[in-house]
$ cat my_file32.cif   # mmCIF, C-alpha atoms and all ligand atoms
data_final
loop_
_atom_site.label_atom_id
_atom_site.label_comp_id
_atom_site.auth_asym_id
_atom_site.auth_seq_id
_atom_site.Cartn_x
_atom_site.Cartn_y
_atom_site.Cartn_z
CA MET A 4 0.00 0.00 0.00
CA THR A 5 1.46 3.31 -1.08
CA ALA A 6 -0.36 5.14 1.75
CA ASP A 7 2.11 3.54 4.13
CA ARG A 8 5.02 5.53 2.68
CA PRO A 9 3.93 9.11 2.02
CA ASN A 10 6.93 10.93 0.48
CA GLU A 11 8.93 7.74 1.05
CA ARG A 12 9.33 8.69 4.70
CA PRO A 13 9.10 5.42 6.65
CA LEU A 14 6.22 5.31 9.09
CA SER A 15 6.76 4.62 12.77
CA PRO A 16 5.70 1.31 14.28
CA GLU A 17 2.89 2.95 16.29
CA THR A 18 1.40 4.24 13.04
CA LEU A 19 1.84 0.94 11.20
CA ALA A 20 0.13 -0.79 14.15
CA VAL A 21 -3.04 1.23 13.49
CA SER A 22 -3.66 0.52 9.82
CA HIS A 23 -0.94 -1.43 8.00
CA GLY A 24 -2.09 -4.59 6.25
CA TYR A 25 -5.65 -3.53 5.45
CA ASP A 26 -6.71 -1.72 2.30
CA PRO A 27 -10.32 -0.40 2.42
CA ALA A 28 -10.48 -0.79 -1.38
CA SER A 29 -10.34 -4.57 -0.83
CA ALA A 30 -13.68 -4.49 1.03
CA ARG A 31 -16.04 -1.97 -0.57
CA GLY A 32 -14.41 0.92 1.26
CA ALA A 33 -15.15 -0.35 4.77
CA ALA A 34 -12.96 1.79 7.04
CA LYS A 35 -12.26 -1.18 9.27
CA PRO A 36 -11.45 -4.75 8.26
CA PRO A 37 -14.41 -7.10 7.91
CA ALA A 38 -14.10 -10.57 9.43
CA TYR A 39 -14.20 -13.28 6.76
CA PHE A 40 -15.94 -16.17 8.50
CA SER A 41 -15.62 -18.74 5.76
CA SER A 42 -13.80 -22.05 5.83
CA THR A 43 -13.69 -22.28 2.03
CA PHE A 44 -13.53 -19.94 -0.95
CA CYS A 45 -15.35 -20.21 -4.29
CA TYR A 46 -13.41 -20.52 -7.55
CA PRO A 47 -14.56 -18.16 -10.29
CA SER A 48 -13.89 -20.83 -12.97
CA ALA A 49 -12.33 -24.27 -13.31
CA ALA A 50 -9.27 -22.79 -15.02
CA GLU A 51 -8.77 -20.26 -12.21
CA ALA A 52 -9.17 -23.06 -9.66
CA LYS A 53 -6.28 -24.85 -11.33
CA ALA A 54 -4.22 -21.64 -11.45
CA LEU A 55 -4.80 -21.09 -7.72
CA HIS A 56 -3.56 -24.57 -6.87
CA VAL A 57 -0.55 -24.29 -9.14
CA ALA A 58 0.34 -21.00 -7.46
CA PHE A 59 -0.17 -22.35 -3.93
CA PHE A 60 1.63 -25.65 -4.29
CA ASP A 61 4.36 -24.73 -6.76
CA GLY A 62 5.10 -21.42 -5.07
CA VAL A 63 4.22 -17.80 -5.62
CA GLU A 64 6.21 -14.70 -4.84
CA ALA A 65 5.65 -13.47 -1.28
CA GLY A 66 2.68 -11.11 -1.17
CA ALA A 67 1.49 -12.09 -4.63
CA ALA A 68 -1.03 -14.73 -3.52
CA PRO A 69 -3.72 -14.56 -6.17
CA GLY A 70 -6.62 -15.76 -4.04
CA TYR A 71 -7.83 -18.15 -1.39
CA ILE A 72 -8.65 -21.86 -1.44
CA TYR A 73 -9.46 -23.16 2.03
CA ALA A 74 -8.98 -21.35 5.36
CA ARG A 75 -6.37 -23.80 6.71
CA LEU A 76 -4.14 -22.77 3.76
CA GLY A 77 -4.75 -19.07 4.28
CA HIS A 78 -7.57 -16.51 4.59
CA PRO A 79 -7.94 -12.72 4.25
CA ASN A 80 -7.81 -11.85 7.97
CA LEU A 81 -4.68 -13.97 8.36
CA ASP A 82 -2.98 -12.04 5.54
CA MET A 83 -3.89 -8.72 7.18
CA VAL A 84 -2.55 -9.58 10.60
CA GLU A 85 0.60 -11.18 9.17
CA ALA A 86 1.36 -8.09 7.07
CA ARG A 87 0.99 -5.92 10.16
CA LEU A 88 3.11 -8.18 12.38
CA ALA A 89 5.86 -8.40 9.74
CA ALA A 90 5.97 -4.59 9.53
CA LEU A 91 6.27 -4.28 13.32
CA ASP A 92 8.92 -7.00 13.58
CA GLY A 93 10.91 -5.49 10.68
CA ALA A 94 10.62 -8.78 8.79
CA GLU A 95 9.98 -9.82 5.19
CA ASP A 96 7.04 -11.95 6.28
CA SER A 97 5.19 -13.43 9.25
CA ALA A 98 3.06 -16.48 9.97
CA CYS A 99 0.35 -16.52 12.62
CA PHE A 100 -0.81 -19.56 14.55
CA ALA A 101 -3.63 -20.75 16.81
CA ALA A 102 -1.49 -20.15 19.94
CA GLY A 103 2.06 -19.28 20.86
CA MET A 104 2.69 -22.96 21.50
CA ALA A 105 1.34 -23.85 18.02
CA SER A 106 3.89 -21.44 16.55
CA ILE A 107 6.76 -22.94 18.59
CA PHE A 108 5.78 -26.51 17.80
CA THR A 109 5.25 -25.86 14.09
CA THR A 110 8.60 -24.05 13.85
CA LEU A 111 10.62 -26.74 15.61
CA MET A 112 8.92 -29.53 13.61
CA ALA A 113 9.39 -27.67 10.30
CA PHE A 114 13.13 -27.13 10.72
CA LEU A 115 14.56 -29.86 12.97
CA THR A 116 15.99 -33.03 11.44
CA PRO A 117 16.02 -36.40 13.23
CA GLY A 118 18.46 -36.59 16.15
CA ASP A 119 19.03 -32.82 16.31
CA VAL A 120 20.03 -31.06 19.51
CA ILE A 121 18.26 -27.89 20.68
CA LEU A 122 20.53 -25.44 22.47
CA HIS A 123 18.41 -23.10 24.60
CA THR A 124 18.52 -20.30 27.15
CA ARG A 125 17.14 -20.69 30.66
CA PRO A 126 14.60 -20.29 32.09
CA LEU A 127 12.11 -21.20 29.38
CA TYR A 128 8.36 -20.60 29.37
CA GLY A 129 6.82 -23.64 31.13
CA GLY A 130 5.11 -24.87 27.96
CA THR A 131 8.28 -24.59 25.87
CA ASP A 132 10.24 -26.43 28.55
CA ALA A 133 7.63 -29.20 28.71
CA LEU A 134 7.52 -29.46 24.88
CA ILE A 135 11.31 -29.75 24.54
CA TYR A 136 11.88 -32.07 27.50
CA GLY A 137 8.63 -34.06 27.04
CA GLU A 138 7.19 -34.61 23.56
CA LEU A 139 10.35 -33.70 21.63
CA ALA A 140 12.58 -35.78 23.91
CA ARG A 141 10.19 -38.68 23.29
CA LEU A 142 10.87 -38.25 19.55
CA GLY A 143 14.63 -38.39 20.15
CA PHE A 144 15.53 -34.70 20.14
CA LYS A 145 18.10 -33.73 22.75
CA ALA A 146 18.41 -30.39 24.52
CA VAL A 147 21.14 -28.49 26.32
CA GLY A 148 20.45 -25.40 28.44
CA ILE A 149 22.67 -22.32 28.70
CA THR A 150 23.01 -21.35 32.37
CA ASP A 151 23.89 -17.69 31.73
CA ALA A 152 23.31 -16.31 28.23
CA VAL A 153 25.24 -13.07 28.78
CA ASP A 154 28.42 -14.91 29.88
CA PRO A 155 30.68 -15.98 26.96
CA ALA A 156 32.23 -18.85 28.96
CA ALA A 157 28.82 -20.27 29.96
CA VAL A 158 27.52 -19.99 26.38
CA ALA A 159 30.67 -21.64 24.98
CA ALA A 160 30.45 -24.50 27.49
CA ALA A 161 26.79 -25.15 26.63
CA ALA A 162 27.52 -24.97 22.88
CA ASP A 163 30.35 -27.51 23.28
CA ALA A 164 28.08 -29.84 25.29
CA ALA A 165 25.37 -29.50 22.62
CA MET A 166 27.80 -30.26 19.77
CA ALA A 167 29.09 -33.29 21.69
CA ALA A 168 25.49 -34.57 21.85
CA GLY A 169 24.82 -34.27 18.09
CA ARG A 170 24.08 -31.80 15.30
CA VAL A 171 22.79 -28.54 16.79
CA GLY A 172 19.66 -27.74 14.77
CA PHE A 173 18.25 -24.84 16.72
CA ILE A 174 19.21 -22.20 19.24
CA TRP A 175 16.00 -21.32 21.07
CA VAL A 176 16.37 -18.07 22.97
CA GLU A 177 13.84 -16.58 25.34
CA SER A 178 14.78 -13.01 26.21
CA PRO A 179 13.65 -11.50 28.48
CA ALA A 180 12.70 -14.92 29.85
CA ASN A 181 9.47 -15.92 31.52
CA PRO A 182 9.09 -15.46 34.50
CA THR A 183 12.34 -13.89 35.72
CA ALA A 184 12.95 -11.41 32.83
CA THR A 185 16.47 -12.87 32.45
CA ILE A 186 18.31 -11.44 29.42
CA ALA A 187 20.31 -13.15 26.66
CA ASP A 188 23.05 -11.37 24.71
CA LEU A 189 21.87 -11.80 21.12
CA ALA A 190 25.22 -10.80 19.56
CA LEU A 191 26.90 -13.49 21.67
CA ILE A 192 24.27 -16.04 20.59
CA SER A 193 24.78 -15.09 16.94
CA ALA A 194 28.58 -15.45 17.22
CA THR A 195 28.00 -18.84 18.85
CA ALA A 196 25.84 -19.96 15.91
CA ASP A 197 28.75 -19.00 13.60
CA ARG A 198 31.17 -21.05 15.70
CA ILE A 199 28.82 -24.04 15.67
CA ALA A 200 28.45 -23.68 11.89
CA ALA A 201 32.24 -23.67 11.41
CA SER A 202 32.50 -26.83 13.49
CA GLN A 203 29.55 -28.92 12.27
CA GLY A 204 29.11 -27.55 8.74
CA SER A 205 25.56 -26.26 9.14
CA ARG A 206 24.36 -23.16 10.96
CA PRO A 207 21.67 -23.67 13.58
CA LEU A 208 18.65 -21.39 13.23
CA ILE A 209 18.32 -18.80 15.98
CA ALA A 210 14.76 -18.18 17.17
CA VAL A 211 14.01 -15.60 19.84
CA ASP A 212 10.85 -15.72 21.94
CA ASN A 213 10.10 -11.97 22.18
CA THR A 214 6.81 -12.28 24.10
CA PHE A 215 7.91 -10.38 27.20
CA LEU A 216 8.60 -7.08 25.43
CA GLY A 217 6.98 -7.37 21.99
CA PRO A 218 7.77 -5.70 18.64
CA LEU A 219 7.46 -2.05 19.69
CA VAL A 220 10.24 -2.41 22.26
CA SER A 221 12.41 -5.21 20.94
CA ASN A 222 13.42 -6.36 17.44
CA PRO A 223 15.60 -9.50 17.70
CA LEU A 224 15.86 -9.81 13.88
CA ALA A 225 18.05 -6.69 13.96
CA HIS A 226 20.39 -8.46 16.40
CA GLY A 227 21.13 -11.66 14.50
CA ALA A 228 18.02 -13.78 15.06
CA ASP A 229 16.65 -15.74 12.07
CA LEU A 230 13.15 -15.96 13.50
CA VAL A 231 11.28 -14.00 16.13
CA MET A 232 8.43 -15.66 17.99
CA THR A 233 5.70 -13.85 19.92
CA SER A 234 2.85 -15.22 21.98
CA LEU A 235 0.35 -12.71 20.59
CA THR A 236 -1.99 -13.91 23.35
CA LYS A 237 -0.13 -11.59 25.70
CA TYR A 238 0.67 -7.89 24.99
CA ALA A 239 -0.35 -7.92 21.30
CA ALA A 240 -3.91 -9.15 21.94
CA GLY A 241 -3.71 -7.39 25.27
CA HIS A 242 -7.18 -8.09 26.69
CA SER A 243 -6.83 -11.72 27.83
CA ASP A 244 -9.55 -12.83 25.43
CA LEU A 245 -7.82 -14.85 22.71
CA LEU A 246 -4.89 -17.19 21.99
CA ALA A 247 -2.47 -16.51 19.12
CA GLY A 248 1.17 -16.90 18.15
CA GLY A 249 3.34 -15.27 15.51
CA ILE A 250 6.67 -16.02 13.84
CA SER A 251 8.49 -13.46 11.68
CA GLY A 252 11.59 -13.85 9.52
CA SER A 253 12.83 -14.05 5.94
CA ALA A 254 10.35 -14.80 3.15
CA ASP A 255 12.08 -18.16 2.56
CA LEU A 256 11.82 -19.39 6.13
CA ILE A 257 8.24 -18.17 6.54
CA ARG A 258 7.17 -19.85 3.26
CA ARG A 259 8.50 -23.16 4.61
CA LEU A 260 6.71 -22.54 7.91
CA LYS A 261 3.38 -21.78 6.25
CA ALA A 262 3.62 -25.03 4.27
CA ALA A 263 4.12 -26.96 7.54
CA ARG A 264 1.30 -25.00 9.19
CA THR A 265 -1.11 -26.06 6.45
CA LEU A 266 -0.40 -29.73 7.22
CA PHE A 267 -0.26 -29.40 11.02
CA GLY A 268 -3.55 -27.47 10.96
CA THR A 269 -2.24 -24.71 13.22
CA PRO A 270 -3.20 -21.39 11.54
CA LEU A 271 -4.95 -18.58 13.42
CA ASP A 272 -8.72 -18.35 12.84
CA ALA A 273 -10.49 -15.34 11.30
CA HIS A 274 -12.17 -14.16 14.50
CA SER A 275 -8.94 -14.09 16.49
CA CYS A 276 -7.14 -12.37 13.59
CA TRP A 277 -9.84 -9.71 13.51
CA LEU A 278 -9.63 -9.10 17.28
CA LEU A 279 -5.86 -9.02 17.06
CA LEU A 280 -5.93 -6.37 14.30
CA ARG A 281 -8.05 -4.19 16.59
CA SER A 282 -5.83 -4.86 19.59
CA LEU A 283 -2.62 -3.99 17.76
CA GLU A 284 -3.98 -0.46 17.19
CA THR A 285 -3.58 0.31 20.91
CA LEU A 286 -0.43 -1.73 21.59
CA GLY A 287 1.70 1.43 21.87
CA LEU A 288 -0.67 3.15 24.31
CA ARG A 289 -1.17 0.06 26.44
CA THR A 290 2.54 -0.71 26.55
CA GLU A 291 3.41 2.84 27.60
CA ARG A 292 0.89 2.87 30.45
CA ALA A 293 1.64 -0.65 31.68
CA PHE A 294 5.41 0.00 31.66
CA ALA A 295 4.94 3.23 33.66
CA ASN A 296 2.71 1.42 36.17
CA ALA A 297 5.26 -1.41 36.42
CA LYS A 298 8.00 1.07 37.23
CA ALA A 299 5.92 2.49 40.10
CA ILE A 300 5.13 -0.97 41.46
CA ALA A 301 8.66 -2.34 41.12
CA THR A 302 10.05 0.74 42.89
CA TYR A 303 7.51 0.37 45.71
CA LEU A 304 8.22 -3.35 46.14
CA LYS A 305 12.00 -2.94 46.10
CA ALA A 306 11.82 -0.57 49.08
CA HIS A 307 9.37 -2.73 51.08
CA PRO A 308 10.81 -4.54 54.12
CA LYS A 309 8.85 -7.74 53.41
CA ILE A 310 10.24 -8.07 49.85
CA ALA A 311 13.54 -9.92 49.28
CA SER A 312 14.14 -9.07 45.59
CA VAL A 313 12.55 -7.71 42.39
CA THR A 314 13.66 -8.68 38.84
CA TRP A 315 12.24 -5.64 37.00
CA LEU A 316 14.57 -4.78 34.08
CA GLY A 317 14.96 -1.17 35.19
CA PHE A 318 17.00 -2.45 38.12
CA LEU A 319 19.74 -4.10 36.01
CA GLU A 320 22.98 -2.69 37.36
CA GLU A 321 25.25 -0.44 35.29
CA GLY A 322 28.48 -2.17 34.30
CA THR A 323 27.02 -5.71 34.23
CA PRO A 324 26.91 -7.79 31.02
CA ALA A 325 23.12 -8.09 31.37
CA ARG A 326 22.73 -4.30 31.51
CA ALA A 327 25.00 -3.87 28.48
CA ALA A 328 22.91 -6.38 26.49
CA PHE A 329 19.73 -4.68 27.67
CA ASP A 330 20.97 -1.25 26.51
CA ARG A 331 21.92 -2.63 23.08
CA GLN A 332 18.75 -4.62 22.50
CA TYR A 333 15.75 -3.03 24.19
CA ARG A 334 13.86 0.25 24.29
CA GLY A 335 11.73 -0.39 27.39
CA THR A 336 11.75 -2.10 30.76
CA GLY A 337 8.61 -4.23 30.48
CA SER A 338 5.71 -4.78 32.85
CA THR A 339 6.06 -8.46 33.76
CA PHE A 340 8.60 -9.51 36.37
CA VAL A 341 8.95 -11.57 39.51
CA PHE A 342 9.49 -10.54 43.09
CA ARG A 343 10.36 -12.71 46.04
CA ILE A 344 8.74 -12.21 49.42
CA LYS A 345 10.50 -12.82 52.72
CA GLY A 346 8.36 -15.84 53.47
CA ASP A 347 7.41 -19.34 52.32
CA GLU A 348 4.62 -20.76 50.16
CA ALA A 349 2.06 -20.30 52.95
CA ALA A 350 2.95 -16.62 53.36
CA ALA A 351 2.79 -16.13 49.58
CA PHE A 352 -0.65 -17.75 49.48
CA ARG A 353 -1.92 -15.53 52.38
CA PHE A 354 -0.72 -12.44 50.48
CA LEU A 355 -2.31 -13.56 47.19
CA ASP A 356 -5.64 -14.42 48.82
CA ARG A 357 -5.88 -10.90 50.26
CA LEU A 358 -5.49 -9.01 46.97
CA LYS A 359 -8.69 -7.28 45.87
CA VAL A 360 -7.84 -5.32 42.69
CA MET A 361 -5.17 -7.56 41.18
CA ARG A 362 -6.57 -10.80 39.78
CA MET A 363 -4.92 -14.11 40.50
CA ALA A 364 -4.38 -15.83 37.17
CA VAL A 365 -1.63 -17.02 34.85
CA SER A 366 -0.90 -15.18 31.58
CA LEU A 367 0.40 -11.66 31.12
CA GLY A 368 0.21 -8.57 28.98
CA GLY A 369 -3.51 -7.90 29.50
CA THR A 370 -5.10 -4.58 30.46
CA GLU A 371 -5.71 -6.01 33.95
CA THR A 372 -2.99 -6.71 36.50
CA LEU A 373 -2.46 -10.44 36.99
CA ILE A 374 -0.40 -12.16 39.64
CA CYS A 375 0.46 -15.78 40.38
CA HIS A 376 2.72 -18.04 42.44
CA SER A 377 5.08 -19.37 39.75
CA ALA A 378 6.26 -22.63 41.35
CA THR A 379 2.72 -23.95 41.86
CA THR A 380 1.17 -22.59 38.64
CA THR A 381 3.07 -21.59 35.45
CA HIS A 382 6.18 -23.60 36.35
CA TYR A 383 4.45 -26.44 38.20
CA ALA A 384 5.35 -28.92 35.44
CA VAL A 385 9.03 -27.91 35.49
CA PRO A 386 10.97 -30.20 37.87
CA LYS A 387 11.81 -28.50 41.20
CA GLN A 388 15.57 -28.54 40.68
CA ARG A 389 15.42 -27.00 37.15
CA ARG A 390 12.94 -24.43 38.49
CA GLU A 391 15.06 -23.39 41.46
CA GLU A 392 18.25 -23.21 39.38
CA VAL A 393 16.67 -20.41 37.37
CA GLY A 394 15.34 -18.53 40.37
CA VAL A 395 11.79 -19.79 40.77
CA ASN A 396 11.35 -20.87 44.38
CA ASP A 397 8.45 -20.99 46.88
CA SER A 398 8.77 -17.25 47.59
CA THR A 399 8.54 -16.22 43.91
CA LEU A 400 5.50 -14.34 42.62
CA ARG A 401 5.07 -13.21 39.02
CA ILE A 402 3.18 -10.02 38.33
CA SER A 403 1.96 -8.68 34.98
CA VAL A 404 1.12 -5.05 35.58
CA GLY A 405 -1.91 -3.70 33.72
CA ILE A 406 -3.15 -0.24 32.76
CA GLU A 407 -5.27 0.54 35.83
CA ASN A 408 -4.70 3.66 37.92
CA PRO A 409 -1.38 2.93 39.66
CA ALA A 410 -2.58 4.35 43.02
CA ASP A 411 -5.21 1.61 43.22
CA LEU A 412 -2.61 -1.07 42.49
CA LEU A 413 -0.18 0.26 45.10
CA ALA A 414 -2.91 0.47 47.75
CA ASP A 415 -3.93 -3.10 46.97
CA LEU A 416 -0.35 -4.34 47.39
CA GLU A 417 0.06 -2.41 50.62
CA GLN A 418 -2.98 -3.94 52.32
CA ALA A 419 -2.17 -7.47 51.08
CA LEU A 420 1.49 -7.33 52.20
CA GLU A 421 0.21 -7.02 55.77
CA ALA A 422 -0.69 -10.72 55.53
CA ILE A 423 2.98 -11.74 55.28
C1 LIG B 501 2.50 -17.56 26.97
C2 LIG B 501 3.85 -17.75 26.43
C3 LIG B 501 4.09 -18.69 25.41
C4 LIG B 501 3.02 -19.58 24.86
O1 LIG B 501 2.01 -18.85 24.22
P1 LIG B 501 0.48 -19.36 24.15
O2 LIG B 501 -0.16 -18.28 23.35
O3 LIG B 501 -0.02 -19.43 25.57
O4 LIG B 501 0.45 -20.68 23.52
C5 LIG B 501 5.39 -18.80 24.95
N1 LIG B 501 6.39 -18.06 25.44
C6 LIG B 501 6.19 -17.15 26.42
C7 LIG B 501 7.35 -16.36 26.93
C8 LIG B 501 4.92 -16.98 26.96
O5 LIG B 501 4.73 -16.10 27.95
#

$ encode --input "my_file32.cif" --output "structure tokens" --more "lines below"
Ligand SMILES: *Cc1c(COP(=O)(O)O)cnc(C)c1O
Amino acid sequence: MTADRPNERPLSPETLAVSHGYDPASARGAAKPPAYFSSTFCYPSAAEAKALHVAFFDGVEAGAAPGYIYARLGHPNLDMVEARLAALDGAEDSACFAAGMASIFTTLMAFLTPGDVILHTRPLYGGTDALIYGELARLGFKAVGITDAVDPAAVAAAADAAMAAGRVGFIWVESPANPTATIADLALISATADRIAASQGSRPLIAVDNTFLGPLVSNPLAHGADLVMTSLTKYAAGHSDLLAGGISGSADLIRRLKAARTLFGTPLDAHSCWLLLRSLETLGLRTERAFANAKAIATYLKAHPKIASVTWLGFLEEGTPARAAFDRQYRGTGSTFVFRIKGDEAAAFRFLDRLKVMRMAVSLGGTETLICHSATTTHYAVPKQRREEVGVNDSTLRISVGIENPADLLADLEQALEAI
């Protein structure tokens, strides 16, 4: 769309988030995108039906799809949301999926070869951890975790252990990681992929799970990642009312991914795409407010005598490798982090049960503030030792700060902390 580049001046992400990917001329001038609730699409003629199939199965240039066949292969709302996500991620193309996990699973299955080793940062989202160490381990894939992804010696040791175990097919990076907001140094990861390539003869793909900050604050593709993954369920959808996942990268990789998605049956449905398009319009506003609220809450908690520690990114110390990576890679401090109370599981539960404004639930990135006890909820399925090694113990609470009035959130915390 030419309207996206008036006078060739590139538009800012906040502007692209409002309208990119939808052309009113494609839908009788409707100012806002219609939702196309149709599982199948009619062919204008038998010859055009054949042409559509030739184009789909034998390959068409990215963006030149001549029409639609069946919604599992692609549909108009999917094209709109993928165009918008690709623009925000600074990618050639994107693919959207029925959930973040569907995007992770489809990606790993599309690109791994039998016996491959997955080198990954720690901690990992509970679902990713369970997928890699459960279902994928069952299929023979091995995994090696990096204990500290901003420390060159720790990354080198993990890379050596991974290469000793087999061909390294993937480097799966989560940064900032769920739930502790732990950072990986993406330049270090990229240099490690080069070293692995020189040793084994094939370069592992680098995928970065960018869910915690999202495309307006973090663009891993600009720092050496091949693919960026986002659970769009979280900040992008932003209202805790749908599940979605997105992967962005080069046109070649995304074409391969979309072919796998068609067979795995994991594309995002029209209704969720439509809601997501609407949600993306306010991503900038919501992010700004939630980040400001998070700063107020993190600052309050850090000074509270009943709180042992707070992992909010704004507290990364000057002069540390993590702070240096943060400054290079990110433009914001996020609104999801963990804090540890001075107390055990029972004290944590008493505190949680007393909250009145904050809701107790898993998930993050919604307009409402959510809080949960990580060890017994999001990371319940992660074995105790692996959980504690990455800083999730019985005193750990994860908070996703929403867009409410911060005074109400602070007052709620204050009265509930009396229970500890
Ligand atoms: C939620 C989440 C996922 C999984 O996304 P779903 O949409 O729930 O399937 C993956 N990674 C991170 C960091 C998450 O927070």

$ closest_residue --input "my_file32.cif" --among "A:Thr109, A:Thr370, A:Ser202, A:Thr116" --to "ligand LIG 501 (chain B)" --atoms "all atoms listed in the file"
A:Thr109

$ residues_near_ligand --input "my_file32.cif" --ligand "ligand LIG 501 (chain B)" --cutoff "9 Å" --atoms "only C-alpha atoms and all ligand atoms" --output "number ranges by chain"
A: 100-107, 127-131, 177-182, 212-215, 232-237, 245-248, 365-368

$ residues_around --input "my_file32.cif" --residues "range 152-155 of chain A" --least-positions-apart "4" --cutoff "10 Å" --atoms "only C-alpha atoms" --output "VMD selection string"
chain A and resid 123 to 125 148 159 to 161 176 to 178 185 to 192 194 to 195 323 to 328

$ atom_distance --input "my_file32.cif" --atom1 "CA of Pro409 in chain A" --atom2 "CA of Ile344 in chain A"
20.7 Å

$ residues_near_point --input "my_file32.cif" --point "(11.4, -28.1, 9.6)" --cutoff "12 Å" --atoms "only C-alpha atoms" --output "ChimeraX atom specification"
/A:107-117,119,172-173,207-208,256-264,267

$ closest_residue --input "my_file32.cif" --among "A:Ala422, A:Ile374, A:Leu304, A:Val341" --to "Arg353 in chain A" --atoms "all atoms listed in the file"
A:Ala422

$ residues_around --input "my_file32.cif" --residues "Cys45 in chain A" --least-positions-apart "4" --cutoff "10 Å" --atoms "all atoms listed in the file" --output "JSON list (two decimals) with C-alpha atoms, in the coordinates of the input"
[["chain", "number", "residue", "atom", "x", "y", "z"],
["A", 52, "ALA", "CA", -9.17, -23.06, -9.66],
["A", 70, "GLY", "CA", -6.62, -15.76, -4.04],
["A", 71, "TYR", "CA", -7.83, -18.15, -1.39],
["A", 72, "ILE", "CA", -8.65, -21.86, -1.44],
["A", 73, "TYR", "CA", -9.46, -23.16, 2.03]]

$ atom_distance --input "my_file32.cif" --atom1 "CA of Asp411 in chain A" --atom2 "CA of Thr183 in chain A"
24.6 Å

$ atom_distance --input "my_file32.cif" --atom1 "CA of Gly287 in chain A" --atom2 "CA of Glu407 in chain A"
15.6 Å

$ axis_aligned_box --input "my_file32.cif" --around "range 298-302 of chain A" --padding-each-side "8 Å" --output "AutoDock Vina command-line options"
--center_x 7.6 --center_y 0.1 --center_z 40.1 --size_x 20.9 --size_y 20.8 --size_z 21.7

$ closest_residue --input "my_file32.cif" --among "A:His242, A:Arg87, A:Lys359, A:His23" --to "Cys99 in chain A" --atoms "all atoms listed in the file"
A:Arg87

$ closest_residue --input "my_file32.cif" --among "A:Ser251, A:Thr269, A:Thr285, A:Ser205" --to "Val21 in chain A" --atoms "all atoms listed in the file"
A:Thr285
